[in-house]
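Below: one structure, written as structure tokens.
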Amino acid sequence: MPRDVFISHAGDDANVAVEVCALLEKRGLKCWMAPRDVAAGSVWDEAILDAIETSRVFLLILSKSANDSQYVKNEVNRAFSQRKPIVTFRLEDVAPGRSLELYLARHHWTDAFPPPMGARVERLATSISSLLDSSATPSATPGAAAVVPPSVRPTLGARLMSPLIAITKGIRELGTRALILALGMLLLGVAIAGFAAWNLKPTPPKPVIRTVIDLPPGDRLAVSSLPALALSPDGKQLAYAAFRGPISQIYLRPMDSREARSISGTDGASEPFFSPDGQWIGFFADGKLKKISVNGGGAVTLAVALTPIGASWGSQGTIAFDPSGTVSPLMQVLDSGGAPQQLGHFEKGENYQTWPQFLPGGKAVLFAGGNLGSDSHIIVQLVATGERRSLLAGTQPHYATSGHLIYVQGTTLMAVPFDPQRLEIKGTPVPVVEGVTFSSTYGSSQYSISDTGSLVYVSGGSPAIQRKMVWVSRSGVEQPLPAPEQAYRDVVLSPDGQRVAAEIDNQIWLYDLARDTLTRFTFEGTQNLNPAWTPDGKRIAFRSNKEGGTANIFWQRADGSGGMERLSTYENLQVPRSWSPDGQFL
């Protein structure tokens with residue numbers, strides 16, 4: 001019987017595979033996995049071969065054990081030879097072994113960490129469902145199948161393929177020595193090709209090319225909460241911010257060269273972006289928006305930008321930028337200088353506008369906007385009139401000349417057909433590349449696109465910093481707690497000193513010091529943040545988007561009973577910090 005998903009796993013990972021299978025089947029995806037689905041009396045090998053052949057998507061549970069399993073290697077090889085879409089679910093921070101690396105497309109990766117597992121499988125299910133919804137025609141060549149989703153018809157994919165540049169080193173590696181670039185021929189919107197009625201003549205498929213570029217010894221990419229890289233409009237130059245010592249600078253590397261040179265005058269730079277002709281680089285440094293020629297010379301200051309989040313250089317000689325996060329709407333300034341002018345405007349309940357991106361011709365601009373307590377939405381606005389329209393949930397938009405809107409949802413780059421004349425979405429969004437480095441601080445992803453269709457991105461998922469909880473004496477001496485390392489934020493001690501409330505992955509967790517147990521505290525809503533204990537330690541207040549829109553303040557009993565109760569109805573974002581000693585005022 002045909003199944004949606006074949007699950008391949010090592011014997012040591014059988015329990016996890018069963019859990020993943022159960023969660024996927026709750027989403028309506030039919031799974032096949034051994035030994036559960038090997039019928040009594042069947043020949044084991046034949047049952048597995050038949051299941052791979054009749055399943056529409058191949059799911060690999062990747063771990064150290066899977067790397068060592070010959071059975072897993074044989075199953076992956078079989079799926080690849082049949083041109084099945086191969087999706088990878090990593091149980092631990094491990095790279096695929098040499099015998100698996102050839103077959104695994106990085107944009108079909110989802111990590112099972114950090115917890116909770118359910119949220120990670122939810123994202124995995126969304127990715128698989130998108131593949132199942134797409135056309136199932138295989139790619140033209142086995143080589144292309146490693147990079148291009150097999151759902152693309154060869155006639156369309158071959159005509160519209162464009163260079164892919166992927167910086168694929170993990171975040172920990174990026175901090176040390178190397179950028180790994182994979183150059184391939186990939187249409188940014190290939191996964192959505194099945195939704196368009198194209199009538200194109202077939203052309204020969206283009207090869208997939210991969211290469212490695214090492215940073216000089218001691219250099220490290222300035223990957224933080226803001227983008228560190230940009231491609232020139234013609235795709236011939238890569239600019240990136242990197243550290244060579246304590247201060248970052250912008251480096252420029254022609255794509256036909258092995259060498260990158262630093263650009264003097266860009267100390268402390270972040271968020272590089274190119275002028276439309278590729279002759280200038282815009283960037284932020286020292287609380288200012290600046291520009292500098294790619295041929296060298298002094299940097300020119302254009303505007304004040306204390307906490308900038310995104311900029312775009314339009315073809316009409318104007319730069320759109322976000323100068324200060326939640327303080328100001330979008331601004332614009334002439335690239336020749338002058339007083340900045342307001343470009344955007346806040347509507348009711350809105351308190352930020354970030355990541356501007358001019359559409360071709362400069363008559364409209366894309367940006368991400370909303371309220372800090374709710375999901376970010378991509379908005380398009382006419383420059384002349386200020387008329388605007390909300391398109392869909394997401395952040396950091398970019399229009400690709402293939403006719404697609406590329407945007408970010410967590411660690412996934414999404415693509416959807418977009419009409420730049422009517423300013424309308426024309427199809428269904430699908431994931432294009434997964435596992436892209438993402439920072440939830442500003443909703444930013446490490447990627448850039450050229451006008452020629454080239455894509456550059458940093459692979460590694462969400463760079464959540466694993467932290468250890470410690471006691472600190474008044475003299476500064478640290479004593480580690482036995483709590484497991486996690487991406488802890490806003491760690492708050494209970495009044496009796498026996499428990500700790502902390503954020504992990506946008507939810508509040510409680511650590512019991514006496515029992516050495518870490519348990520999840522909040523379950524309703526996708527964002528529950530900023531815990532604040534009441535003076536008696538019986539309740540915890542926090543902000544939540546449980547009821548949508550603006551994040552209001554809720555509280556809940558510290559023993560987890562009774563559910564969440566809403567305390568405030570204010571229209572703008574609120575962040576609870578501390579209680580009065582009598583517990584009457586927050």
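Residue numbering restarts at 1 in every chain; chains get A, B, ... in the order shown in the structure tokens, and ligands count up from 1 in that same order.
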
Range 341-357 of chain A environment, 8 Å, only C-alpha atoms, sequence neighbours closer than 2 positions dropped, as a PyMOL selection string: chain A and resi 309-313+320-322+325-333+339+359+365-372+383+386+395-399+550+571-572

Pick out the residues sitting within 10 Å of range 104-120 of chain A, and hand them over as a VMD selection string; count only C-alpha atoms, and ignore anything fewer than 3 positions along from it in its own chain. chain A and resid 16 19 to 20 23 to 24 59 to 62 76 80 85 to 93 96 100 to 101 123 to 125 127 to 128 131 145 to 149 166 168 411 to 413 431 to 436 459 to 462 464 466 486 to 487 504 to 505 507 520 526

Selected residues written out with C-alpha atoms, as a PDB file, in the first residue's frame:
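Written output follows (part_34.pdb):
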```pdb
ATOM      1  CA  VAL A  16      12.820   8.086  18.593  1.00  0.00           C
ATOM      2  CA  GLU A  19       7.830   8.816  18.392  1.00  0.00           C
ATOM      3  CA  VAL A  20       8.458  10.797  15.195  1.00  0.00           C
ATOM      4  CA  LEU A  23       3.609  12.593  15.629  1.00  0.00           C
ATOM      5  CA  LEU A  24       3.647  12.623  11.824  1.00  0.00           C
ATOM      6  CA  LEU A  59      12.852  10.483   5.830  1.00  0.00           C
ATOM      7  CA  LEU A  60      16.312   9.835   7.304  1.00  0.00           C
ATOM      8  CA  ILE A  61      16.716   9.941  11.089  1.00  0.00           C
ATOM      9  CA  LEU A  62      20.335  11.131  11.182  1.00  0.00           C
ATOM     10  CA  VAL A  76      19.462   6.034   1.383  1.00  0.00           C
ATOM     11  CA  PHE A  80      18.413   8.304  -4.184  1.00  0.00           C
ATOM     12  CA  PRO A  85      12.848  13.406  -2.074  1.00  0.00           C
ATOM     13  CA  ILE A  86      15.186  12.794   0.876  1.00  0.00           C
ATOM     14  CA  VAL A  87      14.388  14.709   4.068  1.00  0.00           C
ATOM     15  CA  THR A  88      16.821  14.657   6.990  1.00  0.00           C
ATOM     16  CA  PHE A  89      15.841  14.886  10.680  1.00  0.00           C
ATOM     17  CA  ARG A  90      18.994  15.310  12.801  1.00  0.00           C
ATOM     18  CA  LEU A  91      18.801  13.918  16.321  1.00  0.00           C
ATOM     19  CA  GLU A  92      22.150  15.416  17.335  1.00  0.00           C
ATOM     20  CA  ASP A  93      24.695  17.927  16.092  1.00  0.00           C
ATOM     21  CA  PRO A  96      26.509  13.014   7.655  1.00  0.00           C
ATOM     22  CA  LEU A 100      25.740   9.703   3.092  1.00  0.00           C
ATOM     23  CA  GLU A 101      26.828  13.265   2.308  1.00  0.00           C
ATOM     24  CA  ARG A 123       8.151  21.878  11.301  1.00  0.00           C
ATOM     25  CA  LEU A 124       9.287  18.573   9.795  1.00  0.00           C
ATOM     26  CA  ALA A 125       5.662  17.671   8.998  1.00  0.00           C
ATOM     27  CA  SER A 127       8.173  20.488   5.102  1.00  0.00           C
ATOM     28  CA  ILE A 128       7.076  16.972   4.138  1.00  0.00           C
ATOM     29  CA  LEU A 131       6.831  18.230  -0.825  1.00  0.00           C
ATOM     30  CA  ALA A 145      18.496  15.518  -7.395  1.00  0.00           C
ATOM     31  CA  ALA A 146      20.983  16.168  -4.601  1.00  0.00           C
ATOM     32  CA  VAL A 147      20.244  19.889  -4.744  1.00  0.00           C
ATOM     33  CA  VAL A 148      17.047  20.485  -6.715  1.00  0.00           C
ATOM     34  CA  PRO A 149      13.790  19.158  -5.174  1.00  0.00           C
ATOM     35  CA  ALA A 166      25.635  28.373  -0.001  1.00  0.00           C
ATOM     36  CA  THR A 168      27.274  25.761   4.703  1.00  0.00           C
ATOM     37  CA  THR A 411      15.436  28.721   9.924  1.00  0.00           C
ATOM     38  CA  THR A 412      13.635  28.148   6.609  1.00  0.00           C
ATOM     39  CA  LEU A 413      13.741  30.253   3.453  1.00  0.00           C
ATOM     40  CA  PRO A 431      10.125  25.879   1.756  1.00  0.00           C
ATOM     41  CA  VAL A 432      13.149  26.317  -0.513  1.00  0.00           C
ATOM     42  CA  VAL A 433      16.121  25.981   1.848  1.00  0.00           C
ATOM     43  CA  GLU A 434      16.028  24.731   5.431  1.00  0.00           C
ATOM     44  CA  GLY A 435      18.623  24.985   8.174  1.00  0.00           C
ATOM     45  CA  VAL A 436      19.613  28.590   7.423  1.00  0.00           C
ATOM     46  CA  SER A 459      23.866  27.096   7.057  1.00  0.00           C
ATOM     47  CA  GLY A 460      23.544  26.131  10.687  1.00  0.00           C
ATOM     48  CA  GLY A 461      19.985  26.762  11.854  1.00  0.00           C
ATOM     49  CA  SER A 462      19.208  28.989  14.800  1.00  0.00           C
ATOM     50  CA  ALA A 464      20.985  29.414  20.006  1.00  0.00           C
ATOM     51  CA  GLN A 466      23.918  26.853  24.918  1.00  0.00           C
ATOM     52  CA  GLN A 486      20.191  24.937  27.158  1.00  0.00           C
ATOM     53  CA  ALA A 487      19.565  28.219  25.328  1.00  0.00           C
ATOM     54  CA  ILE A 504      13.914  28.078  26.481  1.00  0.00           C
ATOM     55  CA  ASP A 505      12.807  28.158  22.853  1.00  0.00           C
ATOM     56  CA  GLN A 507       8.522  28.943  26.369  1.00  0.00           C
ATOM     57  CA  ARG A 520       8.172  22.839  30.906  1.00  0.00           C
ATOM     58  CA  THR A 526       3.765  30.200  20.710  1.00  0.00           C
TER      59      THR A 526
END
```

Across A:Gly443, A:Gly562, A:Pro360, A:Gly453, the smallest distance to Ile406 in chain A, with only C-alpha atoms counted, is shown by A:Gly453

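Comparing A:Leu573, A:Ser63, A:Phe521, A:Pro246 by their smallest distance to Asn545 in chain A, the closest is A:Leu573 (using only C-alpha atoms).
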
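In the backbone-derived DSSP annotation, strand (DSSP E) within range 15-79 of chain A comprises Cys31, Trp32, Met33, Ser55, Arg56, Val57, Phe58, Leu59, Leu60, Ile61 and Leu62 of chain A.
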
File dump, residues just selected, C-alpha atoms, as a compact mmCIF listing (two decimals), in the first residue's frame:
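This is the output file out_33.txt:
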```
# COMPACT_ATOMS: atom_id res chain seq x y z
CA CYS A 31 4.42 6.35 7.62
CA TRP A 32 6.25 3.09 7.00
CA MET A 33 9.09 1.97 9.23
CA SER A 55 6.61 5.78 -0.46
CA ARG A 56 6.53 9.33 -1.77
CA VAL A 57 9.13 10.86 0.62
CA PHE A 58 12.18 9.28 2.26
CA LEU A 59 12.85 10.48 5.83
CA LEU A 60 16.31 9.83 7.30
CA ILE A 61 16.72 9.94 11.09
CA LEU A 62 20.34 11.13 11.18
```

Neighbours of range 492-501 of chain A within 9 Å (only C-alpha atoms; same-chain residues fewer than 3 positions away dropped), as a PDB file with C-alpha atoms, in the first residue's frame?
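Writing the result to selection.pdb gives the following:
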```
ATOM      1  CA  ILE A 508       9.003  29.145  30.130  1.00  0.00           C
ATOM      2  CA  TRP A 509      10.575  26.193  31.944  1.00  0.00           C
ATOM      3  CA  LEU A 510      11.125  25.577  35.672  1.00  0.00           C
ATOM      4  CA  TYR A 511      14.271  24.125  37.188  1.00  0.00           C
ATOM      5  CA  ASP A 512      13.954  22.609  40.672  1.00  0.00           C
ATOM      6  CA  LEU A 513      17.327  22.903  42.424  1.00  0.00           C
ATOM      7  CA  ALA A 514      16.641  20.290  45.079  1.00  0.00           C
ATOM      8  CA  PHE A 521       5.818  25.348  32.541  1.00  0.00           C
ATOM      9  CA  ASN A 530       9.897  37.292  30.584  1.00  0.00           C
ATOM     10  CA  PRO A 531       8.856  35.451  33.778  1.00  0.00           C
ATOM     11  CA  ALA A 532       8.405  37.420  37.018  1.00  0.00           C
ATOM     12  CA  TRP A 533       7.681  35.591  40.314  1.00  0.00           C
ATOM     13  CA  THR A 534       5.103  37.019  42.698  1.00  0.00           C
ATOM     14  CA  PRO A 535       6.573  37.825  46.144  1.00  0.00           C
ATOM     15  CA  ASP A 536       4.953  34.758  47.726  1.00  0.00           C
ATOM     16  CA  GLY A 537       6.325  32.488  44.969  1.00  0.00           C
ATOM     17  CA  ILE A 540       4.580  33.616  37.761  1.00  0.00           C
TER      18      ILE A 540
END
```

What does the structure give for the distance between CA of Ala10 in chain A and CA of Ser65 in chain A, in Å to one decimal?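 Atom-to-atom, CA of Ala10 in chain A and CA of Ser65 in chain A are spaced 5.9 Å apart.
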
Would you work out the distance separating CA of Met414 in chain A from CA of Ala230 in chain A, expressed in Å to one decimal?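 Value for the CA of Met414 in chain A-CA of Ala230 in chain A distance: 18.5 Å.
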